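Containing TSV, C-alpha atoms: structure-v2.tsv.
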chain	number	residue	atom	x	y	z
A	26	MET	CA	-22.81	-22.17	-38.54
A	27	THR	CA	-19.48	-23.51	-39.65
A	28	GLU	CA	-16.21	-21.90	-38.60
A	29	ASP	CA	-15.78	-20.55	-42.15
A	30	GLN	CA	-19.25	-18.98	-42.04
A	31	ILE	CA	-18.46	-17.34	-38.70
A	32	LEU	CA	-15.17	-15.99	-40.06
A	33	ASP	CA	-17.03	-14.72	-43.14
A	34	GLU	CA	-19.35	-12.76	-40.83
A	35	ILE	CA	-16.32	-11.24	-39.06
A	36	ARG	CA	-14.60	-10.39	-42.35
A	37	ALA	CA	-17.79	-8.89	-43.80
A	38	ALA	CA	-17.84	-6.46	-40.88
A	39	ASP	CA	-14.17	-5.45	-41.43
A	40	ALA	CA	-13.73	-6.34	-37.77
A	41	LEU	CA	-10.31	-8.01	-37.73
A	42	LEU	CA	-7.79	-5.19	-37.35
A	43	GLU	CA	-4.00	-5.32	-37.81
A	44	GLY	CA	-1.52	-3.16	-35.85
A	45	HIS	CA	-0.32	-2.90	-32.23
A	46	PHE	CA	-3.19	-3.14	-29.77
A	47	ILE	CA	-3.42	-2.92	-26.00
A	48	LEU	CA	-6.05	-5.43	-24.90
A	49	SER	CA	-8.32	-4.98	-21.87
A	50	SER	CA	-6.09	-7.48	-20.06
A	51	GLY	CA	-3.06	-5.21	-20.58
A	52	LEU	CA	-1.52	-7.72	-22.99
A	53	ARG	CA	-0.46	-6.58	-26.46
A	54	SER	CA	-1.44	-8.11	-29.78
A	55	PRO	CA	-0.79	-7.55	-33.50
A	56	ARG	CA	-4.48	-8.28	-34.23
A	57	TYR	CA	-7.67	-7.04	-32.65
A	58	LEU	CA	-11.18	-8.31	-33.16
A	59	GLN	CA	-13.57	-5.37	-32.92
A	60	CYS	CA	-16.76	-7.25	-32.02
A	61	ALA	CA	-18.73	-4.01	-31.87
A	62	ARG	CA	-18.34	-3.82	-35.67
A	63	VAL	CA	-19.51	-7.43	-36.01
A	64	LEU	CA	-22.56	-6.78	-33.84
A	65	MET	CA	-23.57	-3.40	-35.26
A	66	ASP	CA	-25.62	-5.20	-37.93
A	67	PRO	CA	-28.73	-6.45	-36.08
A	68	ASP	CA	-29.29	-9.32	-38.52
A	69	ARG	CA	-25.69	-10.50	-38.13
A	70	ALA	CA	-25.89	-10.19	-34.33
A	71	GLU	CA	-29.09	-12.25	-34.33
A	72	ARG	CA	-27.53	-14.97	-36.56
A	73	LEU	CA	-24.41	-15.22	-34.41
A	74	ALA	CA	-26.39	-15.34	-31.16
A	75	ALA	CA	-28.64	-18.06	-32.55
A	76	ALA	CA	-25.56	-20.07	-33.55
A	77	LEU	CA	-24.00	-19.51	-30.12
A	78	CYS	CA	-27.24	-20.57	-28.44
A	79	ARG	CA	-27.16	-23.83	-30.41
A	80	LYS	CA	-23.67	-24.55	-29.03
A	81	LEU	CA	-25.03	-24.66	-25.48
A	82	PRO	CA	-26.02	-28.12	-24.26
A	83	GLN	CA	-29.78	-28.49	-23.91
A	84	ALA	CA	-29.50	-28.99	-20.14
A	85	VAL	CA	-27.69	-25.63	-19.83
A	86	ARG	CA	-30.23	-23.84	-22.06
A	87	GLU	CA	-33.11	-25.21	-20.01
A	88	SER	CA	-31.55	-24.26	-16.67
A	89	ILE	CA	-31.01	-20.57	-17.45
A	90	ASP	CA	-33.27	-18.01	-15.78
A	91	VAL	CA	-31.47	-14.87	-16.94
A	92	VAL	CA	-28.63	-13.75	-19.21
A	93	ILE	CA	-26.09	-11.29	-17.84
A	94	SER	CA	-23.14	-9.69	-19.59
A	95	PRO	CA	-20.42	-7.25	-18.61
A	96	ALA	CA	-20.62	-3.79	-20.14
A	97	MET	CA	-19.54	-2.62	-22.62
A	98	GLY	CA	-18.51	-5.40	-24.97
A	99	GLY	CA	-21.01	-7.99	-23.82
A	100	VAL	CA	-24.14	-5.83	-23.89
A	101	ILE	CA	-25.26	-6.42	-27.49
A	102	ILE	CA	-24.44	-10.12	-27.68
A	103	GLY	CA	-25.94	-10.61	-24.20
A	104	HIS	CA	-29.18	-9.00	-25.34
A	105	GLU	CA	-29.25	-11.14	-28.47
A	106	MET	CA	-28.59	-14.28	-26.42
A	107	GLY	CA	-31.49	-13.31	-24.16
A	108	ARG	CA	-33.68	-13.05	-27.27
A	109	ALA	CA	-32.44	-16.40	-28.64
A	110	LEU	CA	-33.08	-18.13	-25.31
A	111	GLY	CA	-36.33	-16.30	-24.52
A	112	ARG	CA	-34.86	-15.04	-21.23
A	113	PRO	CA	-34.39	-11.58	-19.73
A	114	ALA	CA	-31.02	-9.95	-20.44
A	115	MET	CA	-29.22	-7.60	-18.05
A	116	PHE	CA	-25.74	-6.20	-17.86
A	117	LEU	CA	-23.15	-5.38	-15.23
A	118	GLU	CA	-21.33	-2.07	-15.09
A	119	ARG	CA	-18.23	-0.91	-13.26
A	120	PRO	CA	-18.50	2.86	-12.87
A	121	GLU	CA	-16.01	2.77	-10.01
A	122	GLY	CA	-13.91	-0.22	-11.03
A	123	THR	CA	-16.00	-3.08	-9.62
A	124	PHE	CA	-18.79	-4.83	-11.51
A	125	GLY	CA	-22.30	-4.49	-10.18
A	126	LEU	CA	-25.92	-4.39	-11.25
A	127	ARG	CA	-27.41	-0.92	-11.73
A	128	ARG	CA	-30.42	0.62	-13.49
A	129	GLY	CA	-32.84	-1.33	-11.34
A	130	PHE	CA	-31.49	-4.72	-12.48
A	131	ARG	CA	-31.58	-7.40	-9.80
A	132	ILE	CA	-31.16	-11.13	-9.49
A	133	GLU	CA	-33.51	-13.19	-7.37
A	134	PRO	CA	-31.70	-15.45	-4.88
A	135	GLY	CA	-30.59	-18.65	-6.56
A	136	GLN	CA	-31.40	-17.59	-10.13
A	137	LYS	CA	-29.40	-19.48	-12.73
A	138	VAL	CA	-27.38	-17.15	-14.94
A	139	LEU	CA	-25.71	-17.49	-18.31
A	140	MET	CA	-22.78	-15.07	-18.50
A	141	VAL	CA	-22.23	-13.79	-22.04
A	142	GLU	CA	-19.13	-12.00	-23.36
A	143	ASP	CA	-18.05	-10.85	-26.77
A	144	VAL	CA	-14.37	-11.89	-26.47
A	145	VAL	CA	-12.48	-13.77	-23.76
A	146	THR	CA	-8.68	-13.41	-23.65
A	147	THR	CA	-7.47	-14.04	-20.10
A	148	GLY	CA	-10.90	-14.47	-18.51
A	149	LEU	CA	-10.26	-11.77	-15.91
A	150	SER	CA	-13.36	-9.70	-16.78
A	151	SER	CA	-15.47	-12.84	-16.90
A	152	ARG	CA	-14.27	-14.02	-13.48
A	153	GLU	CA	-14.94	-10.55	-12.03
A	154	ALA	CA	-18.42	-10.53	-13.58
A	155	ILE	CA	-19.15	-14.06	-12.33
A	156	ALA	CA	-18.11	-13.02	-8.82
A	157	ALA	CA	-20.44	-9.99	-9.01
A	158	VAL	CA	-23.36	-12.25	-9.97
A	159	GLY	CA	-22.57	-14.49	-7.00
A	160	ALA	CA	-22.42	-11.48	-4.68
A	161	ALA	CA	-25.85	-10.42	-5.99
A	162	GLY	CA	-27.33	-13.84	-5.17
A	163	GLY	CA	-27.24	-15.53	-8.58
A	164	GLU	CA	-25.43	-18.63	-9.76
A	165	VAL	CA	-23.56	-18.58	-13.07
A	166	VAL	CA	-24.09	-22.02	-14.61
A	167	ALA	CA	-22.03	-21.38	-17.77
A	168	GLU	CA	-20.44	-18.72	-19.91
A	169	ALA	CA	-20.87	-18.22	-23.63
A	170	ALA	CA	-18.79	-15.91	-25.83
A	171	LEU	CA	-18.55	-15.10	-29.49
A	172	VAL	CA	-14.77	-15.53	-29.46
A	173	ASP	CA	-12.29	-17.38	-27.29
A	174	ARG	CA	-8.99	-15.58	-27.87
A	175	SER	CA	-7.30	-17.38	-24.95
A	176	GLY	CA	-6.02	-20.31	-26.95
A	177	GLY	CA	-8.32	-22.49	-24.84
A	178	LYS	CA	-6.45	-21.46	-21.66
A	179	ALA	CA	-9.03	-19.25	-19.94
A	180	ASP	CA	-10.29	-20.84	-16.72
A	181	LEU	CA	-13.57	-19.19	-15.82
A	182	GLY	CA	-14.60	-21.62	-13.10
A	183	VAL	CA	-17.75	-22.53	-15.05
A	184	PRO	CA	-18.33	-24.41	-18.32
A	185	PHE	CA	-17.31	-22.20	-21.26
A	186	PHE	CA	-18.92	-22.30	-24.71
A	187	PRO	CA	-17.34	-20.01	-27.32
A	188	LEU	CA	-18.78	-19.76	-30.83
A	189	ILE	CA	-15.26	-19.76	-32.28
A	190	ARG	CA	-11.68	-19.93	-31.08
A	191	ILE	CA	-9.30	-17.53	-32.77
A	192	ASP	CA	-5.65	-17.92	-31.89
A	193	VAL	CA	-4.00	-14.51	-31.83
A	194	PRO	CA	-0.58	-14.08	-30.27
A	195	THR	CA	-0.41	-11.90	-27.16
A	196	TYR	CA	2.60	-10.44	-25.41
A	197	GLY	CA	3.41	-8.70	-22.17
A	198	PRO	CA	4.22	-5.00	-22.62
A	199	ASP	CA	7.87	-5.68	-21.79
A	200	ASP	CA	8.12	-8.77	-24.01
A	201	LEU	CA	7.18	-7.40	-27.45
A	202	PRO	CA	8.69	-8.69	-30.67
A	203	ALA	CA	10.68	-5.97	-32.48
A	204	GLU	CA	8.12	-5.58	-35.29
A	205	LEU	CA	5.33	-4.92	-32.77
A	206	ALA	CA	7.45	-2.61	-30.59
A	207	ALA	CA	8.12	-0.47	-33.69
A	208	ILE	CA	4.41	0.33	-34.09
A	209	PRO	CA	2.59	2.81	-31.80
A	210	ALA	CA	0.14	0.99	-29.52
A	211	ILE	CA	-3.56	1.87	-29.49
A	212	LYS	CA	-6.28	0.88	-27.03
A	213	PRO	CA	-9.45	0.10	-28.98
A	214	GLY	CA	-11.41	-1.63	-26.16
A	215	SER	CA	-13.83	-0.26	-23.61
A	216	ARG	CA	-11.60	-0.35	-20.51
A	217	ALA	CA	-9.27	2.60	-19.91
A	218	ALA	CA	-5.59	2.00	-20.47
Rewrite the structure of this file - the entire thing - as structure tokens.
Amino acid sequence: MTEDQILDEIRAADALLEGHFILSSGLRSPRYLQCARVLMDPDRAERLAAALCRKLPQAVRESIDVVISPAMGGVIIGHEMGRALGRPAMFLERPEGTFGLRRGFRIEPGQKVLMVEDVVTTGLSSREAIAAVGAAGGEVVAEAALVDRSGGKADLGVPFFPLIRIDVPTYGPDDLPAELAAIPAIKPGSRAA
């Protein structure tokens, strides 16, 4: 898929929102990409996952034993990446603030893992999820995401393969431009404010 085709998929889902948003990282932004809207269409989710799978180097694709994603945002795209790669897909949850495997999911010692996210901004959730996989005995060999919103700055400690990079300005809560400060902030993501 070309970048324009990917953006067309996002626009078709009415998933690029304008306003004042509090991101999972705590940063603020005038735009928010609601990937859940993009992925609610199973055909679109399958197309995007197939395109993301093709971005992975062959050596990475061949080394993967299992796909793992952090809940909530990564669950659907993680499942679709598992389908595209022909590998099992699991997800991490953090019912008490720390990521972990639940629901009978487990990683065999030394299993090679592809971490899959919907959107990466600072990489904090990804790094926490990667650490949880390591604590469970797996080895994250790479991360894939639909969108890199970090401006290419996120350091995940593993090779990172986003389907698309979308540069959206972000601000600290005490460093807002006047036009953004004048709009009430909303928290559309899955992590509590």
Residue nearest A:Gly176 - candidates A:Gly103, A:Gly162, A:Gly135, A:Gly148, atoms counted: only C-alpha atoms: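 Between A:Gly103, A:Gly162, A:Gly135, A:Gly148, the residue approaching A:Gly176 most closely is A:Gly148.
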Separation of atom CA of A:Leu77 from atom CA of A:Leu42 in Å: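 Atom CA of A:Leu77 lies at a distance of 22.8 Å from atom CA of A:Leu42.
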Distance query stretch 199-215 of chain A at most 8 Å, all atoms listed in the file, self and fewer than 3 positions along chain excluded, as a short mmCIF file (atom, residue, chain, number, x, y, z; two decimals) with C-alpha atoms, in the coordinates of the input:
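Below is the file that was written, part.cif:
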data_model
loop_
_atom_site.label_atom_id
_atom_site.label_comp_id
_atom_site.auth_asym_id
_atom_site.auth_seq_id
_atom_site.Cartn_x
_atom_site.Cartn_y
_atom_site.Cartn_z
CA GLY A 44 -1.52 -3.16 -35.85
CA HIS A 45 -0.32 -2.90 -32.23
CA PHE A 46 -3.19 -3.14 -29.77
CA ILE A 47 -3.42 -2.92 -26.00
CA LEU A 48 -6.05 -5.43 -24.90
CA SER A 49 -8.32 -4.98 -21.87
CA ARG A 53 -0.46 -6.58 -26.46
CA PRO A 55 -0.79 -7.55 -33.50
CA GLN A 59 -13.57 -5.37 -32.92
CA MET A 97 -19.54 -2.62 -22.62
CA GLY A 98 -18.51 -5.40 -24.97
CA TYR A 196 2.60 -10.44 -25.41
CA ALA A 218 -5.59 2.00 -20.47
#
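Atom CA of A:Phe186 is found 21.8 Å from atom CA of A:Pro67.
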Nearest residue to A:Ile101 from the set A:Ile189, A:Ala170, A:Ile132, A:Val145 (distances using all atoms listed in the file): A:Ala170
Interatomic distance (Å, one decimal) between atom CA of A:Val91 and atom CA of A:Gly111: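 Straight-line distance from atom CA of A:Val91 to atom CA of A:Gly111 works out to 9.1 Å.
Nearest residue to A:Leu181 among A:Ile155, A:Val193, A:Val138, A:Ala161 is A:Ile155, counting all atoms listed in the file.
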Which is closer to A:Glu133 than all the others in A:Gly159, A:Asp39, A:Gly99, A:Arg79, using all atoms listed in the file?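 The shortest atom-to-atom distance to A:Glu133 comes from A:Gly159.
Among the candidate residues A:Asp29, A:Glu142, A:Ser150, A:Val166, the one lying nearest to A:Ala61 is A:Glu142, with distances computed using all atoms listed in the file.
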Residues near A:Lys80, cut-off 9 Å, only C-alpha atoms, skip fewer than 3 positions along chain, as an MDAnalysis selection string: chainID A and resid 75:77 83 169 186:188
Let's have the selection written as a PDB file, keeping the file's coordinate frame, with C-alpha atoms.
ATOM      1  CA  ALA A  75     -28.640 -18.060 -32.550  1.00  0.00           C
ATOM      2  CA  ALA A  76     -25.560 -20.070 -33.550  1.00  0.00           C
ATOM      3  CA  LEU A  77     -24.000 -19.510 -30.120  1.00  0.00           C
ATOM      4  CA  GLN A  83     -29.780 -28.490 -23.910  1.00  0.00           C
ATOM      5  CA  ALA A 169     -20.870 -18.220 -23.630  1.00  0.00           C
ATOM      6  CA  PHE A 186     -18.920 -22.300 -24.710  1.00  0.00           C
ATOM      7  CA  PRO A 187     -17.340 -20.010 -27.320  1.00  0.00           C
ATOM      8  CA  LEU A 188     -18.780 -19.760 -30.830  1.00  0.00           C
TER       9      LEU A 188
END
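For the residues A:Glu87, A:Asp143, A:Glu121, A:Glu168, ranking by smallest atom-to-atom distance to A:Val100 using all atoms listed in the file places A:Asp143 first.
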Sel. within 8 Å of pt (-25.3, -6.8, -17.9), counting all atoms listed in the file, output as a list of chain:residue names: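 So the residues meeting the distance criterion are A:Val92, A:Ile93, A:Ser94, A:Pro95, A:Ala96, A:Gly99, A:Val100, A:Gly103, A:Ala114, A:Met115, A:Phe116, A:Leu117, A:Glu118, A:Leu126.
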Which residues are close to A:Arg112, i.e. within 9 Å by all atoms listed in the file, leaving aside same-chain residues fewer than 4 positions away? Reply as a list in words.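 My list of contacting residues is Ile89, Asp90, Val91, Val92, Met106, Gly107 and Arg108 of chain A.
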Step by step, gather every atom of stretch 159-171 of chain A that the file lists, find the box along x, y and z that holds them, add 5 Å on each side, and finally give centre and edge lengths in Å to one decimal, as lines of an AutoDock Vina configuration file.
center_x = -22.9
center_y = -16.2
center_z = -17.1
size_x = 18.8
size_y = 21.6
size_z = 34.8
May I have the residues within 12 Å of A:Arg69 as a PDB file with C-alpha atoms, in the frame of the given file, using only C-alpha atoms and disregarding those fewer than 5 positions away in the same chain?
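Output contents, as saved in selection_27.pdb:
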ATOM      1  CA  GLN A  30     -19.250 -18.980 -42.040  1.00  0.00           C
ATOM      2  CA  ILE A  31     -18.460 -17.340 -38.700  1.00  0.00           C
ATOM      3  CA  ASP A  33     -17.030 -14.720 -43.140  1.00  0.00           C
ATOM      4  CA  GLU A  34     -19.350 -12.760 -40.830  1.00  0.00           C
ATOM      5  CA  ILE A  35     -16.320 -11.240 -39.060  1.00  0.00           C
ATOM      6  CA  ARG A  36     -14.600 -10.390 -42.350  1.00  0.00           C
ATOM      7  CA  ALA A  37     -17.790  -8.890 -43.800  1.00  0.00           C
ATOM      8  CA  ALA A  38     -17.840  -6.460 -40.880  1.00  0.00           C
ATOM      9  CA  CYS A  60     -16.760  -7.250 -32.020  1.00  0.00           C
ATOM     10  CA  ALA A  61     -18.730  -4.010 -31.870  1.00  0.00           C
ATOM     11  CA  ARG A  62     -18.340  -3.820 -35.670  1.00  0.00           C
ATOM     12  CA  VAL A  63     -19.510  -7.430 -36.010  1.00  0.00           C
ATOM     13  CA  LEU A  64     -22.560  -6.780 -33.840  1.00  0.00           C
ATOM     14  CA  ALA A  74     -26.390 -15.340 -31.160  1.00  0.00           C
ATOM     15  CA  ALA A  75     -28.640 -18.060 -32.550  1.00  0.00           C
ATOM     16  CA  ALA A  76     -25.560 -20.070 -33.550  1.00  0.00           C
ATOM     17  CA  ILE A 101     -25.260  -6.420 -27.490  1.00  0.00           C
ATOM     18  CA  ILE A 102     -24.440 -10.120 -27.680  1.00  0.00           C
ATOM     19  CA  GLU A 105     -29.250 -11.140 -28.470  1.00  0.00           C
TER      20      GLU A 105
END
May I ask you to restore N, CA, C and O atoms in stretch 100-118 of chain A and write the result as a short mmCIF file (atom, residue, chain, number, x, y, z; two decimals), keeping the file's coordinate frame?
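Saved the output as out-v5.cif:
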data_model
loop_
_atom_site.label_atom_id
_atom_site.label_comp_id
_atom_site.auth_asym_id
_atom_site.auth_seq_id
_atom_site.Cartn_x
_atom_site.Cartn_y
_atom_site.Cartn_z
N VAL A 100 -22.75 -6.27 -23.94
CA VAL A 100 -24.14 -5.83 -23.89
C VAL A 100 -24.96 -6.30 -25.09
O VAL A 100 -26.04 -6.87 -24.94
N ILE A 101 -24.46 -6.08 -26.30
CA ILE A 101 -25.26 -6.42 -27.49
C ILE A 101 -25.42 -7.92 -27.62
O ILE A 101 -26.53 -8.43 -27.79
N ILE A 102 -24.32 -8.68 -27.52
CA ILE A 102 -24.44 -10.12 -27.68
C ILE A 102 -25.23 -10.72 -26.52
O ILE A 102 -25.98 -11.68 -26.70
N GLY A 103 -25.13 -10.15 -25.33
CA GLY A 103 -25.94 -10.61 -24.20
C GLY A 103 -27.42 -10.42 -24.47
O GLY A 103 -28.24 -11.31 -24.20
N HIS A 104 -27.78 -9.26 -25.00
CA HIS A 104 -29.18 -9.00 -25.34
C HIS A 104 -29.67 -9.98 -26.39
O HIS A 104 -30.77 -10.55 -26.28
N GLU A 105 -28.86 -10.20 -27.41
CA GLU A 105 -29.25 -11.14 -28.47
C GLU A 105 -29.35 -12.57 -27.96
O GLU A 105 -30.21 -13.33 -28.40
N MET A 106 -28.48 -12.95 -27.02
CA MET A 106 -28.59 -14.28 -26.42
C MET A 106 -29.86 -14.39 -25.59
O MET A 106 -30.52 -15.43 -25.58
N GLY A 107 -30.23 -13.32 -24.88
CA GLY A 107 -31.49 -13.31 -24.16
C GLY A 107 -32.66 -13.54 -25.11
O GLY A 107 -33.56 -14.33 -24.83
N ARG A 108 -32.62 -12.87 -26.26
CA ARG A 108 -33.68 -13.05 -27.27
C ARG A 108 -33.70 -14.50 -27.76
O ARG A 108 -34.76 -15.12 -27.84
N ALA A 109 -32.52 -15.03 -28.10
CA ALA A 109 -32.44 -16.40 -28.64
C ALA A 109 -32.94 -17.43 -27.64
O ALA A 109 -33.54 -18.44 -28.02
N LEU A 110 -32.68 -17.18 -26.36
CA LEU A 110 -33.08 -18.13 -25.31
C LEU A 110 -34.48 -17.85 -24.75
O LEU A 110 -35.01 -18.64 -23.97
N GLY A 111 -35.04 -16.69 -25.09
CA GLY A 111 -36.33 -16.30 -24.52
C GLY A 111 -36.23 -15.98 -23.03
O GLY A 111 -37.15 -16.26 -22.26
N ARG A 112 -35.10 -15.38 -22.63
CA ARG A 112 -34.86 -15.04 -21.23
C ARG A 112 -34.53 -13.55 -21.10
O ARG A 112 -34.02 -12.94 -22.03
N PRO A 113 -34.78 -12.97 -19.93
CA PRO A 113 -34.39 -11.58 -19.73
C PRO A 113 -32.88 -11.42 -19.84
O PRO A 113 -32.13 -12.33 -19.49
N ALA A 114 -32.45 -10.26 -20.31
CA ALA A 114 -31.02 -9.95 -20.44
C ALA A 114 -30.72 -8.68 -19.67
O ALA A 114 -31.42 -7.68 -19.81
N MET A 115 -29.68 -8.75 -18.83
CA MET A 115 -29.22 -7.60 -18.05
C MET A 115 -27.73 -7.46 -18.27
O MET A 115 -27.10 -8.34 -18.85
N PHE A 116 -27.18 -6.36 -17.76
CA PHE A 116 -25.74 -6.20 -17.86
C PHE A 116 -25.18 -5.60 -16.58
O PHE A 116 -25.87 -4.93 -15.83
N LEU A 117 -23.92 -5.91 -16.36
CA LEU A 117 -23.15 -5.38 -15.23
C LEU A 117 -22.35 -4.18 -15.70
O LEU A 117 -21.89 -4.14 -16.84
N GLU A 118 -22.16 -3.22 -14.80
CA GLU A 118 -21.33 -2.07 -15.09
C GLU A 118 -20.29 -1.92 -13.99
O GLU A 118 -20.49 -2.43 -12.89
#
